[in-house]
Amino acid sequence: MNTEQPLQLDPIWINAAERAHQQFTYGDLIPWEWIRTELEIEPPEDGSYQQFQELQLRTLTLMDQFRNYLLMTHRKALVNVRCQGYRIINPGQQTSFALEQLADALARHLRTTKKLLSAINFQRLTDSQISENVEARNRVAAIAAFTKPKLPRLKKD
């Protein structure tokens, strides 16, 4: 009878990712409770604001490492299911998911850039600075027009 414990890999997110790979398959939801247990994420009892911030940073760091390891080692991409956990994306949906992520990021950055370029005190600019700003806004408008066609969205299960 084999009573040995399974080999523990260090750091903890590798152990969690290996167990997730064994226990969950494409399309499965990995519940937050499972993730918190495996990554040993325990909220402090009556913790201070600083302890809460440290917990948030630790959780984000561990989740990034966990997600990246699962993706690069086992080819399993994760998508956040709000307040429930992470779903392992089916390989047939991973391309559209990647393009959806790109479209969302581009749109977010374009909005921010448009705001920064238009919310300027033009009265304080020289003619050459105004010309530079107009040229930049035209470039951003061209990029926005180029990225305008909607990409297919990931179908929600």
# chains A, B, ... in the order shown; residues from 1 in each chain; ligands from 1
call {"tool": "residues_around", "arguments": {"residues": "range 116-120 of chain A", "least_positions_apart": "2", "cutoff": "12 Å", "atoms": "only C-alpha atoms", "output": "number ranges by chain"}}
result
A: 109-114, 122-125, 129-141
call {"tool": "residues_around", "arguments": {"residues": "Gly85 in chain A", "least_positions_apart": "2", "cutoff": "12 Å", "atoms": "only C-alpha atoms", "output": "list in words"}}
result
Asp28, Leu29, Ile30, Pro31, Trp32, Glu33, Trp34, Ile35, Arg36, Met63, Leu78, Val79, Asn80, Val81, Arg82, Cys83, Arg87 and Ile88 of chain A
call {"tool": "atom_distance", "arguments": {"atom1": "CA of Gln93 in chain A", "atom2": "CA of Arg19 in chain A"}}
result
23.1 Å
call {"tool": "closest_residue", "arguments": {"among": "A:Thr25, A:Ile12, A:Gln53, A:Tyr86", "to": "Thr37 in chain A", "atoms": "only C-alpha atoms"}}
result
A:Ile12
call {"tool": "select_by_dssp", "arguments": {"residues": "range 82-122 of chain A", "states": "helix (DSSP H, G or I)", "output": "NGL selection string"}}
result
:A and (91-118 or 122)
call {"tool": "select_by_dssp", "arguments": {"residues": "chain A", "states": "strand (DSSP E)", "output": "list in words"}}
result
Leu29, Ile30, Pro31, Leu78, Val79, Asn80, Val81, Gly85, Tyr86, Arg87 and Ile88 of chain A
call {"tool": "write_last_selection", "arguments": {"atoms": "C-alpha atoms", "output": "JSON list (two decimals), in the first residue's frame"}}
result
[["chain", "number", "residue", "atom", "x", "y", "z"],
["A", 29, "LEU", "CA", -15.75, 25.98, -13.70],
["A", 30, "ILE", "CA", -12.97, 26.11, -11.10],
["A", 31, "PRO", "CA", -14.81, 27.54, -8.07],
["A", 78, "LEU", "CA", -9.16, 30.73, -17.98],
["A", 79, "VAL", "CA", -11.93, 33.31, -18.08],
["A", 80, "ASN", "CA", -13.30, 34.95, -14.94],
["A", 81, "VAL", "CA", -16.90, 34.10, -14.07],
["A", 85, "GLY", "CA", -14.51, 31.34, -10.16],
["A", 86, "TYR", "CA", -12.76, 30.71, -13.46],
["A", 87, "ARG", "CA", -13.99, 28.68, -16.43],
["A", 88, "ILE", "CA", -11.52, 26.76, -18.57]]
call {"tool": "residues_around", "arguments": {"residues": "Ala16 in chain A", "least_positions_apart": "4", "cutoff": "12 Å", "atoms": "only C-alpha atoms", "output": "list of chain:residue names"}}
result
A:Gln8, A:Leu9, A:Asp10, A:Pro11, A:Ile12, A:Ala20, A:His21, A:Gln22, A:Gln23, A:Phe24, A:Ile30, A:Trp34, A:Ile35, A:Arg36, A:Thr37, A:Glu38, A:Leu39, A:Glu40, A:Ile41, A:Leu62, A:Met63, A:Gln65, A:Phe66, A:Arg67, A:Tyr69, A:Leu70
call {"tool": "closest_residue", "arguments": {"among": "A:Asn90, A:Glu42, A:Thr73, A:Tyr26", "to": "Arg58 in chain A", "atoms": "only C-alpha atoms"}}
result
A:Glu42
call {"tool": "atom_distance", "arguments": {"atom1": "CA of Ala103 in chain A", "atom2": "CA of Ala144 in chain A"}}
result
10.7 Å
call {"tool": "atom_distance", "arguments": {"atom1": "CA of Ala145 in chain A", "atom2": "CA of Leu106 in chain A"}}
result
11.7 Å
